[in-house]
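Everything on this sheet refers to the single structure shown next.
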Amino acid sequence: MFYAKSNPEQSITEHTNELLDNLKKLKETYKDTINKIIKIDQSRFWYLLKIICKYHDIGKVYTPFQNIIRQKLKLEPIKTKFNYDAVKHEQLSPIFIPVEKLGLSKEEKKLVYQAIYYHHERKEERVEPQHIKEIIQEDILPKLEEIKNQLGIELEENLTTNYLKKVGEGKRITPKDTIYPEYCLLKGLLHRLDHSSSAGLMVEDQTKEEIQSYVHEFMKGKKYNLNELQKFAQKNTEENVLVIGSTGMGKTEAALLWSKKDKTFFTLPIRISINAIYDRINSDINYHHVGLLHSTAIDYLEEKQEIENEEEIYEQSKNLTQKITTCTIDQIFPFVFKYRGYEKIYATLSYSKIIIDEIQAYSPEIVAIILKGLEMIHQIGGKFMVMTATLPRIYREELQKRGIKVQYGEFLKPTQRHWINLQEKSIKEDINQIIEKGKKHKVLIITNTINQSIEIQQKLKEKGIKANVLHSRFTQLDRNNKENKIKEFSQTENEPGIWITTQIVEASLDIDFDYLFTEMSTLDSLFQRLGRCYRSREYKRDTPNIWIYEKEATGIGSVYDEEIHQKSITLLKKYNNQILEEQAKIDLVDELYSEEQLKNTKFYQKFQQSITFLDTIIDYDTSKKEAQKLLRNIDNITIIPKTIYDKNLELFNQYEKEKDLKTRNELRRKINQLSISINQSQKWKIQDRLTICPYLKELWIADLKYDNEIGLLLKKDEEYELHERFAD
């Protein structure tokens, strides 16, 4: 038997048949959608994809590859003078394709050869024709009849190295070639079919259930009528859409109505928001063909005890199987860097819809990546919806410059919700007022930095006031608990109290407080914060419910651009001590992020430099891992406080000794729950307090003080005295 895999044990024929079966499912589900974007003859496209699936792995008959599998299966190796280092199986598969009998044209040969030759993207090394000839003569031809009999498909009788003329350095299909879109589709779909088949999964969820009908049922049950935003989204399901909508306008429902029955990716800036959207679709709207995809998704799914198949949901999400995938952008947008293998995502997006929520929450460099990605998605046939509470003007203008037509709409609540008061003092100077408000009302404090949130919590504690704090420097377990607690507190009537948070609550966390005390940030961020106070209610009191502090605001120059911050203060001054209408928020952000205001600022330079860089990307010049690092703009590391590590040493011992894969994965998830993610700049501050975990090389043990009420304390935080910074 010619093996394709060792775990589970599988022949080349069995694996190929799984691909062909998945190809059939793909056609049944999305053939009509994909046909709309194919520029070559539709029947030829599907014919080529079937050929690619049938022949992609025949090179695995090569003896060195068979010996790799046989070793894993504890079988006797087959004697050979060849080794697997010089030539890989995918580089041999094109030998067997009977291109003339299959009636392939010159361009079709190139499409088929390259889709197969590069379906395992490795660092490209020159393949010598003479070496291939030796392999044909000494390894392939002696067993050709056996190959034909076992595989049961027609093979090329005259095996040559002619295919090498259409592959290799300088010959790859790029955007300059007219067949580039078809190449991306063929190669990308091969990746999808191959990966899902190898994982034992269907390539696509074949459900006929439409999310749109579930949204209608959900709204009917709540006795809601469609508002103008939702009607607009439903009317433009076949168009690219750009909408501005006030907080509490039902943008999520609008996006799902726009999604209709199509494959959809729903993106948000942070994991907490994605988890909330996943829960909303799965539990509230009761649509179960939804996946969750981000770096800690499997841990979140495991916590939800009503979901018994969290492993399967996560695997399906990783393989892009689900009808709707909720995800962070770093899971899909690296394709703009055209890393080796990017076609898998790109091809999938060609017949999908993508929703970008809260685009203003990203840095200018990340927005440049998103806009470039939307341009590429538009070019290959996909659709997008950008929805946001405020939209910087330069972003909309950039889409226009790139010739992308969108249906644009603004949908603002007439409700008066926010009476703002700017204070020329530090937020810490107003602790007494915050305490008084917190005695009878729900009070939310939002700071620009974690250190400031901890400092305020400590000042309140000194005055005998208990306040909860939520930020990103908690272990995953503690952070998840706190996220649930703040939502529960927000929904409980007649329960006063104080919560202190950072900007992690800005995007799509459904909480509603009576008063907001916040450090001044930039206008787009600030207006998102306002949405956590009087989220849907009308404010009828005759005093402010929003207090904004300019003096000694933290994070300026690091978290927020200093020039944009100062311009934000200047623009907001004229609205001081009055109701801030929804239209005014839109107009202010539009003016702040106009080219006139931004020119010569570092913010604008970063945006323009990023766009220019992305427009000149060299295809296949990077790996997927490198692309994800570029997208995240930071290289995070995972740490565990030493006190927590010491208490859970037995868990690490169990993990090291465990042989059963499922149990081992469960133990690893428990370990992940004890960890904290920090960026490289924070690592640099505390590097003398870090040691590599002896059980997991990617985990660092941090000899720092950790408290489940205030989180991790970092060494170089100036706010803390030396004895407070470190573990005892």
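In the structure tokens, chains take letters A, B, ... by order of appearance, with residues numbered from 1 within each chain and ligands from 1 in the order shown.
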
Next item on the list: Name the residues in contact with region 177-194 of chain A at a cut-off of 8 Å, using only C-alpha atoms, excluding same-chain residues fewer than 5 positions from it; report them as a ChimeraX atom specification.
Entry: /A:19,22-23,38-40,45,48-49,52-53,107,111,115-116,119,203,319,341-348,350,380

Write out, as a JSON list (two decimals), in the first residue's frame, the residues just selected, with C-alpha atoms.
[["chain", "number", "residue", "atom", "x", "y", "z"],
["A", 19, "LEU", "CA", -10.68, 15.39, -1.18],
["A", 22, "ASN", "CA", -15.20, 17.36, -0.08],
["A", 23, "LEU", "CA", -14.94, 18.95, -3.53],
["A", 38, "ILE", "CA", -14.70, 33.02, -12.16],
["A", 39, "LYS", "CA", -13.49, 34.77, -15.30],
["A", 40, "ILE", "CA", -12.52, 31.63, -17.23],
["A", 45, "PHE", "CA", -12.48, 25.77, -13.68],
["A", 48, "LEU", "CA", -9.10, 21.82, -13.35],
["A", 49, "LEU", "CA", -9.83, 21.75, -9.63],
["A", 52, "ILE", "CA", -5.57, 19.13, -9.04],
["A", 53, "CYS", "CA", -7.29, 17.18, -6.25],
["A", 107, "GLU", "CA", -2.23, 28.33, -19.38],
["A", 111, "LEU", "CA", -2.32, 26.59, -13.31],
["A", 115, "ALA", "CA", -1.25, 24.70, -7.66],
["A", 116, "ILE", "CA", 0.13, 21.20, -7.01],
["A", 119, "HIS", "CA", 0.54, 23.18, -2.21],
["A", 203, "VAL", "CA", -14.76, 21.55, 3.93],
["A", 319, "ASN", "CA", -10.36, 25.19, 8.90],
["A", 341, "GLY", "CA", 0.16, 29.81, 1.40],
["A", 342, "TYR", "CA", -1.98, 32.98, 1.70],
["A", 343, "GLU", "CA", -4.29, 31.73, -1.06],
["A", 344, "LYS", "CA", -6.16, 29.48, 1.41],
["A", 345, "ILE", "CA", -7.68, 32.48, 3.18],
["A", 346, "TYR", "CA", -7.85, 34.66, 0.08],
["A", 347, "ALA", "CA", -9.75, 32.05, -1.96],
["A", 348, "THR", "CA", -12.22, 31.54, 0.89],
["A", 350, "SER", "CA", -13.62, 35.37, -2.59],
["A", 380, "ILE", "CA", -11.34, 38.72, -6.19]]

Please report, as CSV, each residue of region 95-179 of chain A lying at most 10 Å from region 2-16 of chain A, together with the nearest pair of atoms and the separation in Å rounded to one decimal; use only C-alpha atoms, and order rows by chain and ascending residue number.
residue,atom,partner,partner_atom,distance
A:Glu146,CA,A:Phe2,CA,9.5
A:Ile147,CA,A:Phe2,CA,8.0
A:Gln150,CA,A:Thr13,CA,7.5
A:Leu151,CA,A:Thr13,CA,5.5
A:Gly152,CA,A:Thr13,CA,8.1
A:Ile153,CA,A:Thr13,CA,9.4

Could you take the residues named above and write them with all heavy atoms, as a PDB file, in the first residue's frame?
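File selection.pdb, as written:
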ATOM      1  N   GLU A 146       2.460  -0.878 -10.434  1.00  0.00           N
ATOM      2  CA  GLU A 146       1.885  -1.002  -9.093  1.00  0.00           C
ATOM      3  C   GLU A 146       1.158   0.281  -8.700  1.00  0.00           C
ATOM      4  O   GLU A 146       0.072   0.243  -8.098  1.00  0.00           O
ATOM      5  CB  GLU A 146       3.005  -1.305  -8.091  1.00  0.00           C
ATOM      6  CG  GLU A 146       2.511  -1.587  -6.682  1.00  0.00           C
ATOM      7  CD  GLU A 146       3.647  -1.779  -5.687  1.00  0.00           C
ATOM      8  OE1 GLU A 146       4.830  -1.707  -6.093  1.00  0.00           O
ATOM      9  OE2 GLU A 146       3.340  -1.986  -4.497  1.00  0.00           O
ATOM     10  N   ILE A 147       1.746   1.428  -9.060  1.00  0.00           N
ATOM     11  CA  ILE A 147       1.127   2.727  -8.775  1.00  0.00           C
ATOM     12  C   ILE A 147      -0.209   2.834  -9.501  1.00  0.00           C
ATOM     13  O   ILE A 147      -1.231   3.222  -8.919  1.00  0.00           O
ATOM     14  CB  ILE A 147       2.067   3.889  -9.189  1.00  0.00           C
ATOM     15  CG1 ILE A 147       3.332   3.879  -8.325  1.00  0.00           C
ATOM     16  CG2 ILE A 147       1.353   5.230  -9.056  1.00  0.00           C
ATOM     17  CD1 ILE A 147       4.435   4.797  -8.833  1.00  0.00           C
ATOM     18  N   GLN A 150      -2.854   0.491  -7.867  1.00  0.00           N
ATOM     19  CA  GLN A 150      -3.320   0.902  -6.542  1.00  0.00           C
ATOM     20  C   GLN A 150      -4.126   2.194  -6.575  1.00  0.00           C
ATOM     21  O   GLN A 150      -5.138   2.327  -5.904  1.00  0.00           O
ATOM     22  CB  GLN A 150      -2.128   1.066  -5.592  1.00  0.00           C
ATOM     23  CG  GLN A 150      -1.639  -0.239  -5.003  1.00  0.00           C
ATOM     24  CD  GLN A 150      -0.866  -0.011  -3.710  1.00  0.00           C
ATOM     25  OE1 GLN A 150      -1.157   0.902  -2.939  1.00  0.00           O
ATOM     26  NE2 GLN A 150       0.124  -0.852  -3.476  1.00  0.00           N
ATOM     27  N   LEU A 151      -3.668   3.173  -7.367  1.00  0.00           N
ATOM     28  CA  LEU A 151      -4.314   4.483  -7.364  1.00  0.00           C
ATOM     29  C   LEU A 151      -5.545   4.521  -8.256  1.00  0.00           C
ATOM     30  O   LEU A 151      -6.457   5.324  -8.036  1.00  0.00           O
ATOM     31  CB  LEU A 151      -3.326   5.578  -7.769  1.00  0.00           C
ATOM     32  CG  LEU A 151      -2.508   6.181  -6.615  1.00  0.00           C
ATOM     33  CD1 LEU A 151      -1.778   5.137  -5.800  1.00  0.00           C
ATOM     34  CD2 LEU A 151      -1.544   7.222  -7.130  1.00  0.00           C
ATOM     35  N   GLY A 152      -5.561   3.699  -9.294  1.00  0.00           N
ATOM     36  CA  GLY A 152      -6.752   3.585 -10.124  1.00  0.00           C
ATOM     37  C   GLY A 152      -7.092   4.823 -10.927  1.00  0.00           C
ATOM     38  O   GLY A 152      -8.263   5.065 -11.241  1.00  0.00           O
ATOM     39  N   ILE A 153      -6.100   5.632 -11.244  1.00  0.00           N
ATOM     40  CA  ILE A 153      -6.353   6.787 -12.115  1.00  0.00           C
ATOM     41  C   ILE A 153      -5.347   6.784 -13.256  1.00  0.00           C
ATOM     42  O   ILE A 153      -4.282   6.171 -13.166  1.00  0.00           O
ATOM     43  CB  ILE A 153      -6.268   8.134 -11.347  1.00  0.00           C
ATOM     44  CG1 ILE A 153      -4.885   8.316 -10.706  1.00  0.00           C
ATOM     45  CG2 ILE A 153      -7.361   8.262 -10.324  1.00  0.00           C
ATOM     46  CD1 ILE A 153      -4.703   9.668 -10.049  1.00  0.00           C
TER      47      ILE A 153
END

Practice task
Write out as an MDAnalysis selection string all residues of region 435-594 of chain A that DSSP puts in alpha helix (DSSP H) for this structure's backbone.
Solution key: chainID A and resid 435:440 450:462 476:491 523:530 562:572 582:592

Determine, counting only C-alpha atoms, which protein, DNA and RNA residues have an atom within 7 Å of an atom of Ser490 (chain A); residues of the same chain fewer than 4 positions away are not included. Present the result as a ChimeraX atom specification. /A:486,511-513

Same residues, N, CA, C and O atoms, saved as an mmCIF file, in the first residue's frame:
data_model
loop_
_atom_site.group_PDB
_atom_site.id
_atom_site.type_symbol
_atom_site.label_atom_id
_atom_site.label_comp_id
_atom_site.auth_asym_id
_atom_site.auth_seq_id
_atom_site.Cartn_x
_atom_site.Cartn_y
_atom_site.Cartn_z
ATOM 1 N N ILE A 486 -18.736 42.103 35.358
ATOM 2 C CA ILE A 486 -19.110 43.475 34.981
ATOM 3 C C ILE A 486 -20.396 43.476 34.156
ATOM 4 O O ILE A 486 -21.231 44.374 34.281
ATOM 5 N N ILE A 511 -22.482 46.778 28.141
ATOM 6 C CA ILE A 511 -22.673 47.229 29.518
ATOM 7 C C ILE A 511 -23.263 48.636 29.491
ATOM 8 O O ILE A 511 -23.081 49.380 28.523
ATOM 9 N N ASP A 512 -23.963 48.982 30.561
ATOM 10 C CA ASP A 512 -24.640 50.279 30.612
ATOM 11 C C ASP A 512 -24.552 50.825 32.038
ATOM 12 O O ASP A 512 -25.170 50.282 32.954
ATOM 13 N N PHE A 513 -23.766 51.896 32.207
ATOM 14 C CA PHE A 513 -23.579 52.513 33.522
ATOM 15 C C PHE A 513 -24.283 53.873 33.575
ATOM 16 O O PHE A 513 -24.628 54.455 32.538
#

- Task: Give me the residues within 8 Å of Val386 (chain A) as a ChimeraX atom specification, counting only C-alpha atoms and dropping any in the same chain fewer than 2 places off.
- Result: /A:241-243,355-359,384,388

Resulting file, chosen residues, all heavy atoms, as a PDB file, in the first residue's frame:
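So selection.pdb came out as:
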ATOM      1  N   VAL A 241     -20.775  47.642   1.855  1.00  0.00           N
ATOM      2  CA  VAL A 241     -21.544  48.584   2.671  1.00  0.00           C
ATOM      3  C   VAL A 241     -20.632  49.244   3.702  1.00  0.00           C
ATOM      4  O   VAL A 241     -19.790  48.593   4.317  1.00  0.00           O
ATOM      5  CB  VAL A 241     -22.709  47.859   3.385  1.00  0.00           C
ATOM      6  CG1 VAL A 241     -23.400  48.791   4.366  1.00  0.00           C
ATOM      7  CG2 VAL A 241     -23.706  47.329   2.366  1.00  0.00           C
ATOM      8  N   LEU A 242     -20.826  50.541   3.876  1.00  0.00           N
ATOM      9  CA  LEU A 242     -20.120  51.311   4.898  1.00  0.00           C
ATOM     10  C   LEU A 242     -21.162  52.088   5.679  1.00  0.00           C
ATOM     11  O   LEU A 242     -21.854  52.945   5.123  1.00  0.00           O
ATOM     12  CB  LEU A 242     -19.121  52.258   4.228  1.00  0.00           C
ATOM     13  CG  LEU A 242     -18.314  53.203   5.103  1.00  0.00           C
ATOM     14  CD1 LEU A 242     -17.545  52.456   6.169  1.00  0.00           C
ATOM     15  CD2 LEU A 242     -17.369  54.037   4.252  1.00  0.00           C
ATOM     16  N   VAL A 243     -21.325  51.770   6.977  1.00  0.00           N
ATOM     17  CA  VAL A 243     -22.360  52.426   7.768  1.00  0.00           C
ATOM     18  C   VAL A 243     -21.805  52.972   9.070  1.00  0.00           C
ATOM     19  O   VAL A 243     -20.935  52.370   9.696  1.00  0.00           O
ATOM     20  CB  VAL A 243     -23.541  51.478   8.086  1.00  0.00           C
ATOM     21  CG1 VAL A 243     -24.304  51.118   6.830  1.00  0.00           C
ATOM     22  CG2 VAL A 243     -23.102  50.241   8.822  1.00  0.00           C
ATOM     23  N   ILE A 355     -17.281  41.181   7.742  1.00  0.00           N
ATOM     24  CA  ILE A 355     -17.804  42.314   8.511  1.00  0.00           C
ATOM     25  C   ILE A 355     -16.671  42.868   9.371  1.00  0.00           C
ATOM     26  O   ILE A 355     -16.037  42.134  10.140  1.00  0.00           O
ATOM     27  CB  ILE A 355     -18.970  41.870   9.410  1.00  0.00           C
ATOM     28  CG1 ILE A 355     -20.139  41.356   8.553  1.00  0.00           C
ATOM     29  CG2 ILE A 355     -19.423  43.006  10.322  1.00  0.00           C
ATOM     30  CD1 ILE A 355     -21.130  40.503   9.318  1.00  0.00           C
ATOM     31  N   ILE A 356     -16.401  44.149   9.222  1.00  0.00           N
ATOM     32  CA  ILE A 356     -15.387  44.838  10.033  1.00  0.00           C
ATOM     33  C   ILE A 356     -16.121  45.758  10.990  1.00  0.00           C
ATOM     34  O   ILE A 356     -16.714  46.760  10.577  1.00  0.00           O
ATOM     35  CB  ILE A 356     -14.412  45.662   9.163  1.00  0.00           C
ATOM     36  CG1 ILE A 356     -13.821  44.817   8.032  1.00  0.00           C
ATOM     37  CG2 ILE A 356     -13.324  46.282  10.029  1.00  0.00           C
ATOM     38  CD1 ILE A 356     -12.884  43.739   8.476  1.00  0.00           C
ATOM     39  N   ASP A 357     -16.111  45.416  12.261  1.00  0.00           N
ATOM     40  CA  ASP A 357     -16.800  46.227  13.268  1.00  0.00           C
ATOM     41  C   ASP A 357     -15.780  47.076  14.017  1.00  0.00           C
ATOM     42  O   ASP A 357     -14.698  46.600  14.357  1.00  0.00           O
ATOM     43  CB  ASP A 357     -17.540  45.299  14.241  1.00  0.00           C
ATOM     44  CG  ASP A 357     -18.588  46.034  15.066  1.00  0.00           C
ATOM     45  OD1 ASP A 357     -18.741  47.259  14.880  1.00  0.00           O
ATOM     46  OD2 ASP A 357     -19.257  45.396  15.895  1.00  0.00           O
ATOM     47  N   GLU A 358     -16.133  48.337  14.244  1.00  0.00           N
ATOM     48  CA  GLU A 358     -15.322  49.267  15.035  1.00  0.00           C
ATOM     49  C   GLU A 358     -13.936  49.491  14.428  1.00  0.00           C
ATOM     50  O   GLU A 358     -12.912  49.341  15.096  1.00  0.00           O
ATOM     51  CB  GLU A 358     -15.190  48.774  16.490  1.00  0.00           C
ATOM     52  CG  GLU A 358     -16.506  48.425  17.164  1.00  0.00           C
ATOM     53  CD  GLU A 358     -17.473  49.594  17.298  1.00  0.00           C
ATOM     54  OE1 GLU A 358     -17.156  50.706  16.826  1.00  0.00           O
ATOM     55  OE2 GLU A 358     -18.558  49.407  17.857  1.00  0.00           O
ATOM     56  N   ILE A 359     -13.892  49.888  13.176  1.00  0.00           N
ATOM     57  CA  ILE A 359     -12.610  50.068  12.481  1.00  0.00           C
ATOM     58  C   ILE A 359     -11.782  51.174  13.115  1.00  0.00           C
ATOM     59  O   ILE A 359     -10.549  51.158  13.047  1.00  0.00           O
ATOM     60  CB  ILE A 359     -12.843  50.343  10.977  1.00  0.00           C
ATOM     61  CG1 ILE A 359     -11.528  50.150  10.203  1.00  0.00           C
ATOM     62  CG2 ILE A 359     -13.468  51.708  10.740  1.00  0.00           C
ATOM     63  CD1 ILE A 359     -11.691  50.179   8.691  1.00  0.00           C
ATOM     64  N   PHE A 384     -17.778  43.172   1.501  1.00  0.00           N
ATOM     65  CA  PHE A 384     -17.469  43.585   2.868  1.00  0.00           C
ATOM     66  C   PHE A 384     -18.467  44.602   3.382  1.00  0.00           C
ATOM     67  O   PHE A 384     -19.116  45.311   2.619  1.00  0.00           O
ATOM     68  CB  PHE A 384     -16.049  44.155   2.967  1.00  0.00           C
ATOM     69  CG  PHE A 384     -15.818  45.421   2.192  1.00  0.00           C
ATOM     70  CD1 PHE A 384     -16.184  46.658   2.703  1.00  0.00           C
ATOM     71  CD2 PHE A 384     -15.212  45.384   0.941  1.00  0.00           C
ATOM     72  CE1 PHE A 384     -15.956  47.828   1.997  1.00  0.00           C
ATOM     73  CE2 PHE A 384     -14.976  46.548   0.215  1.00  0.00           C
ATOM     74  CZ  PHE A 384     -15.351  47.770   0.748  1.00  0.00           C
ATOM     75  N   THR A 388     -19.421  51.105  12.099  1.00  0.00           N
ATOM     76  CA  THR A 388     -18.677  51.770  13.155  1.00  0.00           C
ATOM     77  C   THR A 388     -19.506  52.899  13.751  1.00  0.00           C
ATOM     78  O   THR A 388     -20.455  53.387  13.117  1.00  0.00           O
ATOM     79  CB  THR A 388     -17.347  52.317  12.597  1.00  0.00           C
ATOM     80  OG1 THR A 388     -16.596  52.906  13.638  1.00  0.00           O
ATOM     81  CG2 THR A 388     -17.572  53.330  11.495  1.00  0.00           C
TER      82      THR A 388
END

Quiz prompt | Minimum-distance residue to Phe517 (chain A), chosen among A:Lys338, A:Lys442, A:Lys383, A:Lys573 (using only C-alpha atoms) | solution =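 Closest to Phe517 (chain A) of all the choices is A:Lys442.
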
For Phe411 (chain A), find every residue with an atom within 8 Å (counting only C-alpha atoms), except residues of its own chain fewer than 2 positions away, and show them as an mmCIF file with C-alpha atoms, in the first residue's frame.
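And here's part.cif as it stands now:
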data_model
loop_
_atom_site.group_PDB
_atom_site.id
_atom_site.type_symbol
_atom_site.label_atom_id
_atom_site.label_comp_id
_atom_site.auth_asym_id
_atom_site.auth_seq_id
_atom_site.Cartn_x
_atom_site.Cartn_y
_atom_site.Cartn_z
ATOM 1 C CA GLU A 228 -33.566 52.267 9.317
ATOM 2 C CA LEU A 229 -30.025 50.933 9.724
ATOM 3 C CA VAL A 243 -22.360 52.426 7.768
ATOM 4 C CA ILE A 244 -22.065 54.711 10.755
ATOM 5 C CA GLY A 245 -24.493 53.910 13.543
ATOM 6 C CA SER A 246 -24.953 55.122 17.092
ATOM 7 C CA GLY A 409 -25.294 55.406 5.259
ATOM 8 C CA LYS A 413 -30.160 58.042 17.412
#

Counting only C-alpha atoms, the residue among A:Glu134, A:Glu169, A:Glu217, A:Glu204 that lies closest to Lys24 (chain A) is A:Glu204

Quiz item: Just how far from CA of Ile676 (chain A) is CA of Arg271 (chain A), in Å to one decimal?
Solution: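 Here the two named atoms are 13.7 Å from each other.
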
### Message
For a quick check of understanding, using only C-alpha atoms, which of A:Gln605, A:Thr502, A:Thr247, A:Asn158 has the smallest distance to Ala368 (chain A)?
### Response
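With only C-alpha atoms as the atom set, the closest residue is A:Gln605.
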
request  = Going by DSSP on the backbone, which bits of region 155-346 of chain A are strand (DSSP E)? Write them as a PyMOL selection string, please.
outcome  = chain A and resi 241-245+264-267+290-293+324-327

| message | Just checking: using only C-alpha atoms, which residue out of A:Lys235, A:Lys208, A:Lys683, A:Lys54 ends up closest to Glu154 (chain A)? | response |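 Looking only at the distances to Glu154 (chain A), the closest residue turns out to be A:Lys54.
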
*Neighbour list for region 637-653 of chain A as a ChimeraX atom specification, cut-off 7 Å, only C-alpha atoms, skip fewer than 4 positions in-chain*: /A:657,674-680,695,699-704,706

task = Within 8 Å of region 470-474 of chain A, counting only C-alpha atoms, which residues show up once you throw out same-chain ones fewer than 3 positions away? Write them as a list in words, please.
result =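 The neighbour list is Ile450, Leu477, Asp478, Arg479, Lys482, Glu483, Trp499, Ile500, Thr501, Thr502, Ile504, Ile676, Ser677, Ile678, Asn708, Ile710, Gly711 and Leu712 of chain A.
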
Residue with the minimum atom-to-atom distance to Leu523 (chain A), picked from A:Asp590, A:Asp32, A:Glu436, A:Glu581 with only C-alpha atoms counted, is A:Asp590
